[in-house]
Amino acid sequence: MRSRWRLIAGAVACGLLVATACSSSPERTSVPAPADADLESTLSPGGGTTSAAAPTPATETAVPSVDPVGGRGLIAASGPTGLRFLRSDGSEVFAVAADQVVTQPTWSRDGSRLAATLLDPNRGEAWVIVVDVTTWDVTTAKASRPYFFYTWSYDGSRLAALGPSPTGGTAADILDGTGAPASSVSLISQSLFVAWEPGGDRLLLHAGHGLLLVDDVDAPDSHRDFGPVGFDFQAPAWVPGTGDFLYVDSYAQAPIGTEPEALVDRSATTTPQLLRRSADSGEITELGPAGAFTLMAVHPTGDRAAISVAELEPAAAGGSLEAAVLEAGQSAQAEPSVGAGSVQIVDLATAERRTVLDRIGLWLEWSPDGERLLIGTSASDDRESVGLAWYIWDGNELSELALFAPTATFFRDYVQFADQYTEAPRLWSPDSTAIAFGAQTADYAVSAVAQVEGSGGVTALGLADVSFWSPVAVDPPPVRPG
């Protein structure tokens with residue numbers, strides 16, 4: 001995946017390639033922290049970060065003493081000290097690979113399994129690990145590449161895994177439920193973002209500037225091409241209960257085969273548009289203007305979507321960022337001013353909109369019950385600030401939940417690609433009462449939990465770069481392995 005704030009000149013001519021997966025060296029990205037870190041006084045923006053030595057094995061497995069917080073199910077917390085499964089009161093249920101780096105913890109949609117990437121920095125190797133939380137069985141499979149994103153199919157039989165391509169860009173592999181390859185084919189593009197059809201087995205890909213649909217994921221080289229759409233969004237979003245999906249078009253619905261020069265011209269004179277398209281008939285419904293860096297999160301009922309639209313300053317030529325970059329003929333970086341933009345709710349039947357926040361949303365995620373929208377945004381207009389803020393919109397009012405400094409890993413590898421990660425439930429507890437996330441104290445990276453209601457505030461559950469809640473309330477075996 002590419003940085004949200006970058007476009008590479010010439011990318012408009014990039015197509016989808018088919019290749020065989022290969023290995024690439026993993027990278028250690030963050031610093032571990034002791035489990036008893038106190039968030040009450042240090043979990044705030046601008047707190048700064050300092051290095052800390054790796055904890056002793058005793059510290060790594062310590063269970064913090066904290067009050068229970070809202071929410072049920074298990075929290076998967078990962079980082080340089082392995083993978084831990086926690087209850088919402090901070091008690092550790094199970095741990096894997098405590099002396100190794102574990103990244104990308106990803107729950108299956110029924111909450112029964114979790115996939116992750118295990119990295120061995122000393123040997124430069126990577127594995128896919130799958131933990132069955134109903135039995136605590138752990139399977140491992142040698143990874144073709146150090147995957148930096150997973151998403152489970154709805155029936156749990158397949159994983160779409162993204163990782164670095166040896167030729168540059170991103171490669172997509174299809175894995176089975178144990179993490180082993182299910183196909184010998186890899187799809188490669190300059191950038192790749194994916195979305196599984198809700199309740200189905202079709203996979204939608206935003207590959208480079210194009211949009212593709214894979215009907216049979218075990219034969220991903222056979223796919224349908226919806227044509228060029230541009231770069232003003234990352235992951236497309238399916239509309240539950242339909243065969244439709246949302247995306248942003250920057251080329252005025254250019255037909256397949258349009259020459260790159262013509263696409264540049266279209267982008268320079270077109271305002272990006274939010275579109276709804278049927279995967280079956282191809283019928284397109286226009287939902288109004290979008291903009292650069294558009295995020296999308298469709299409500300569980302499929303009747304509305306939250307979108308974040310950023311504004312460029314100074315404005316790019318025409319309506320989209322890529323027009324200015326591609327016309328310049330060289331690599332460029334363009335950023336919106338901090339906070340310039342808004343979060344809106346779009347009615348998917350009428351295209352009517354309601355603005356709920358006059359600031360860019362960096363993370364949009366609906367609660368499982370659909371009653372609340374979690375919005376992550378910058379806590380300050382200062383571009384140098386490291387602080388973020390969580391807001392909750394309940395359908396009528398917007399309230400601030402917490403101010404915090406994200407861990408470097410959570411911000412760099414997850415927040416910048418939020419619409420890809422929220423393709424599946426991530427931060428919300430399964431009963432919609434709390435959220436889990438990676439936070440940086442003055443010294444330490446920790447797993448943090450914030451209650452949506454009440455006075456519980458934010459609680460630290462111990463060492464972690466990132467932490468994600470199980471999408472349903474699982475009831476794992478009560479035995480805690482030694």
# chains A, B, ... in the order shown; residues from 1 in each chain; ligands from 1

call {"tool": "select_by_dssp", "arguments": {"residues": "segment 98-344 of chain A", "states": "strand (DSSP E or B)", "output": "NGL selection string"}}
result
:A and (101-107 or 113-120 or 125-132 or 137-142 or 149-152 or 158-164 or 170-176 or 181 or 186-189 or 192-196 or 203-207 or 210-214 or 224-228 or 233 or 237-238 or 244-249 or 273-278 or 284-289 or 292-298 or 304-310 or 332-333 or 341-344)

call {"tool": "residues_around", "arguments": {"residues": "segment 417-420 of chain A", "least_positions_apart": "6", "cutoff": "10 Å", "atoms": "only C-alpha atoms", "output": "short mmCIF file (atom, residue, chain, number, x, y, z; two decimals) with C-alpha atoms, in the first residue's frame"}}
result
data_model
loop_
_atom_site.label_atom_id
_atom_site.label_comp_id
_atom_site.auth_asym_id
_atom_site.auth_seq_id
_atom_site.Cartn_x
_atom_site.Cartn_y
_atom_site.Cartn_z
CA MET A 1 0.00 0.00 0.00
CA ARG A 2 1.17 3.51 -0.66
CA SER A 3 1.26 6.50 1.61
CA ARG A 4 -2.03 8.36 1.72
CA PHE A 149 -2.22 -6.68 5.57
CA TYR A 150 -4.72 -9.53 5.87
CA THR A 151 -8.45 -9.79 5.41
CA LEU A 192 -3.37 -2.53 -4.09
CA PHE A 193 -6.39 -2.21 -1.82
CA VAL A 194 -8.97 -4.95 -1.43
CA ALA A 195 -12.49 -5.61 -0.14
CA PHE A 233 -9.35 6.98 -2.53
CA GLN A 234 -7.76 3.79 -1.26
CA ALA A 235 -10.10 0.86 -0.56
CA PRO A 236 -13.49 0.48 -2.25
CA ALA A 237 -16.40 -0.24 0.09
CA THR A 294 -11.54 10.30 0.47
CA LEU A 295 -12.21 7.70 3.18
CA MET A 296 -15.39 5.63 3.20
CA ALA A 297 -17.13 3.52 5.86
CA ILE A 307 -16.98 9.71 4.28
CA GLY A 361 -11.33 12.11 9.54
CA LEU A 362 -8.30 9.83 9.70
CA TRP A 363 -10.23 6.78 10.94
CA LEU A 364 -13.94 6.03 10.42
CA GLU A 365 -15.49 2.90 11.93
CA GLY A 376 -10.19 9.59 14.58
CA PHE A 411 -0.12 5.58 12.97
CA ARG A 426 -11.07 -3.53 14.15
#

call {"tool": "residues_around", "arguments": {"residues": "Ser429 of chain A", "least_positions_apart": "3", "cutoff": "7 Å", "atoms": "only C-alpha atoms", "output": "JSON list (two decimals) with N, CA and C atoms, in the first residue's frame"}}
result
[["chain", "number", "residue", "atom", "x", "y", "z"],
["A", 71, "GLY", "N", -17.00, -3.85, 27.45],
["A", 71, "GLY", "CA", -16.68, -4.66, 26.28],
["A", 71, "GLY", "C", -16.47, -6.10, 26.65],
["A", 72, "ARG", "N", -16.74, -6.99, 25.70],
["A", 72, "ARG", "CA", -16.54, -8.42, 25.91],
["A", 72, "ARG", "C", -15.62, -8.93, 24.82],
["A", 432, "SER", "N", -20.10, -2.99, 21.45],
["A", 432, "SER", "CA", -20.16, -1.56, 21.10],
["A", 432, "SER", "C", -20.02, -0.64, 22.31],
["A", 433, "THR", "N", -19.34, -1.08, 23.37],
["A", 433, "THR", "CA", -19.21, -0.24, 24.56],
["A", 433, "THR", "C", -17.82, 0.35, 24.75],
["A", 434, "ALA", "N", -16.84, -0.09, 23.97],
["A", 434, "ALA", "CA", -15.47, 0.38, 24.18],
["A", 434, "ALA", "C", -14.67, 0.20, 22.90],
["A", 435, "ILE", "N", -13.50, 0.84, 22.85],
["A", 435, "ILE", "CA", -12.58, 0.67, 21.73],
["A", 435, "ILE", "C", -11.20, 0.31, 22.27],
["A", 469, "TRP", "N", -9.92, -5.64, 18.73],
["A", 469, "TRP", "CA", -10.91, -6.43, 19.45],
["A", 469, "TRP", "C", -11.51, -7.49, 18.54],
["A", 470, "SER", "N", -11.86, -8.64, 19.13],
["A", 470, "SER", "CA", -12.54, -9.67, 18.35],
["A", 470, "SER", "C", -13.90, -9.14, 17.91],
["A", 471, "PRO", "N", -14.34, -9.46, 16.69],
["A", 471, "PRO", "CA", -15.58, -8.90, 16.17],
["A", 471, "PRO", "C", -16.84, -9.46, 16.83]]

call {"tool": "closest_residue", "arguments": {"among": "A:Asp465, A:Ser183, A:Leu427, A:Ala268", "to": "Val449 of chain A", "atoms": "only C-alpha atoms"}}
result
A:Leu427

call {"tool": "closest_residue", "arguments": {"among": "A:Ile392, A:Val239, A:Ala77, A:Ala405", "to": "Ala464 of chain A", "atoms": "only C-alpha atoms"}}
result
A:Ala77

call {"tool": "residues_around", "arguments": {"residues": "Leu205 of chain A", "least_positions_apart": "5", "cutoff": "12 Å", "atoms": "only C-alpha atoms", "output": "PyMOL selection string"}}
result
chain A and resi 16+160+162+170-172+187-189+191-197+210-215+217+220+223-229+234-238+245+247+420

call {"tool": "atom_distance", "arguments": {"atom1": "atom CA of Pro300 of chain A", "atom2": "atom CA of Glu423 of chain A"}}
result
11.2 Å

call {"tool": "atom_distance", "arguments": {"atom1": "atom CA of Leu463 of chain A", "atom2": "atom CA of Ser108 of chain A"}}
result
22.9 Å

call {"tool": "residues_around", "arguments": {"residues": "segment 284-286 of chain A", "least_positions_apart": "5", "cutoff": "10 Å", "atoms": "only C-alpha atoms", "output": "tab-separated table (two decimals) with N, CA and C atoms, in the first residue's frame"}}
result
chain	number	residue	atom	x	y	z
A	244	ASP	N	-23.61	-4.04	-4.63
A	244	ASP	CA	-23.06	-2.74	-5.00
A	244	ASP	C	-21.83	-2.40	-4.17
A	245	PHE	N	-21.04	-1.46	-4.68
A	245	PHE	CA	-19.89	-0.97	-3.93
A	245	PHE	C	-19.70	0.52	-4.22
A	246	LEU	N	-18.98	1.19	-3.31
A	246	LEU	CA	-18.68	2.61	-3.44
A	246	LEU	C	-17.22	2.80	-3.82
A	253	GLN	N	-15.68	8.94	-15.40
A	253	GLN	CA	-16.17	7.65	-15.90
A	253	GLN	C	-15.55	7.30	-17.26
A	273	GLN	N	-15.71	12.26	-8.00
A	273	GLN	CA	-17.11	11.97	-7.68
A	273	GLN	C	-17.23	10.67	-6.88
A	274	LEU	N	-18.12	10.68	-5.90
A	274	LEU	CA	-18.45	9.46	-5.17
A	274	LEU	C	-19.50	8.71	-5.97
A	275	LEU	N	-19.19	7.45	-6.30
A	275	LEU	CA	-20.09	6.65	-7.14
A	275	LEU	C	-20.47	5.35	-6.44
A	276	ARG	N	-21.68	4.89	-6.75
A	276	ARG	CA	-22.14	3.57	-6.33
A	276	ARG	C	-22.35	2.74	-7.58
A	277	ARG	N	-21.79	1.54	-7.59
A	277	ARG	CA	-21.83	0.72	-8.80
A	277	ARG	C	-22.29	-0.69	-8.47
A	278	SER	N	-23.07	-1.26	-9.36
A	278	SER	CA	-23.48	-2.66	-9.23
A	278	SER	C	-22.40	-3.55	-9.82
A	279	ALA	N	-21.94	-4.51	-9.03
A	279	ALA	CA	-20.92	-5.44	-9.54
A	279	ALA	C	-21.50	-6.37	-10.59
A	348	LEU	N	-27.29	6.76	0.99
A	348	LEU	CA	-26.95	6.05	-0.24
A	348	LEU	C	-28.13	5.88	-1.18
A	349	ALA	N	-29.33	6.24	-0.73
A	349	ALA	CA	-30.50	6.19	-1.61
A	349	ALA	C	-30.78	7.54	-2.24
A	350	THR	N	-30.60	8.62	-1.47
A	350	THR	CA	-30.96	9.96	-1.95
A	350	THR	C	-29.76	10.84	-2.25
A	351	ALA	N	-28.57	10.44	-1.80
A	351	ALA	CA	-27.33	11.22	-1.94
A	351	ALA	C	-27.32	12.46	-1.04

call {"tool": "residues_around", "arguments": {"residues": "Ser153 of chain A", "least_positions_apart": "2", "cutoff": "9 Å", "atoms": "only C-alpha atoms", "output": "MDAnalysis selection string"}}
result
chainID A and resid 108:109 151 155:160 196:203

call {"tool": "write_last_selection", "arguments": {"atoms": "C-alpha atoms", "output": "PDB file, in the first residue's frame"}}
result
ATOM      1  CA  SER A 108     -11.669 -13.841  11.258  1.00  0.00           C
ATOM      2  CA  ARG A 109     -15.150 -12.406  10.902  1.00  0.00           C
ATOM      3  CA  THR A 151      -8.451  -9.785   5.407  1.00  0.00           C
ATOM      4  CA  ASP A 155     -16.757 -17.891   5.392  1.00  0.00           C
ATOM      5  CA  GLY A 156     -13.235 -17.996   6.833  1.00  0.00           C
ATOM      6  CA  SER A 157     -11.882 -20.306   4.133  1.00  0.00           C
ATOM      7  CA  ARG A 158      -9.539 -17.775   2.523  1.00  0.00           C
ATOM      8  CA  LEU A 159      -7.254 -14.887   3.405  1.00  0.00           C
ATOM      9  CA  ALA A 160      -6.289 -12.094   1.059  1.00  0.00           C
ATOM     10  CA  TRP A 196     -14.409  -8.878   0.254  1.00  0.00           C
ATOM     11  CA  GLU A 197     -18.042  -8.965  -0.799  1.00  0.00           C
ATOM     12  CA  PRO A 198     -20.184  -9.138   2.388  1.00  0.00           C
ATOM     13  CA  GLY A 199     -21.462 -12.673   2.769  1.00  0.00           C
ATOM     14  CA  GLY A 200     -19.906 -13.677  -0.548  1.00  0.00           C
ATOM     15  CA  ASP A 201     -16.579 -14.784  -1.945  1.00  0.00           C
ATOM     16  CA  ARG A 202     -15.859 -12.131  -4.567  1.00  0.00           C
ATOM     17  CA  LEU A 203     -12.880  -9.841  -4.057  1.00  0.00           C
TER      18      LEU A 203
END

call {"tool": "atom_distance", "arguments": {"atom1": "atom CA of Ser184 of chain A", "atom2": "atom CA of Ser144 of chain A"}}
result
10.5 Å

call {"tool": "closest_residue", "arguments": {"among": "A:Ala141, A:Ala76, A:Leu401, A:Ala180", "to": "Arg113 of chain A", "atoms": "only C-alpha atoms"}}
result
A:Ala76

call {"tool": "closest_residue", "arguments": {"among": "A:Tyr391, A:Phe404, A:Trp136, A:Tyr421", "to": "Thr459 of chain A", "atoms": "only C-alpha atoms"}}
result
A:Phe404

call {"tool": "closest_residue", "arguments": {"among": "A:Leu118, A:Thr178, A:Pro105, A:Gly370", "to": "Asp132 of chain A", "atoms": "only C-alpha atoms"}}
result
A:Thr178

call {"tool": "closest_residue", "arguments": {"among": "A:Leu388, A:Ala436, A:Leu461, A:Ile375", "to": "Ser91 of chain A", "atoms": "only C-alpha atoms"}}
result
A:Leu461
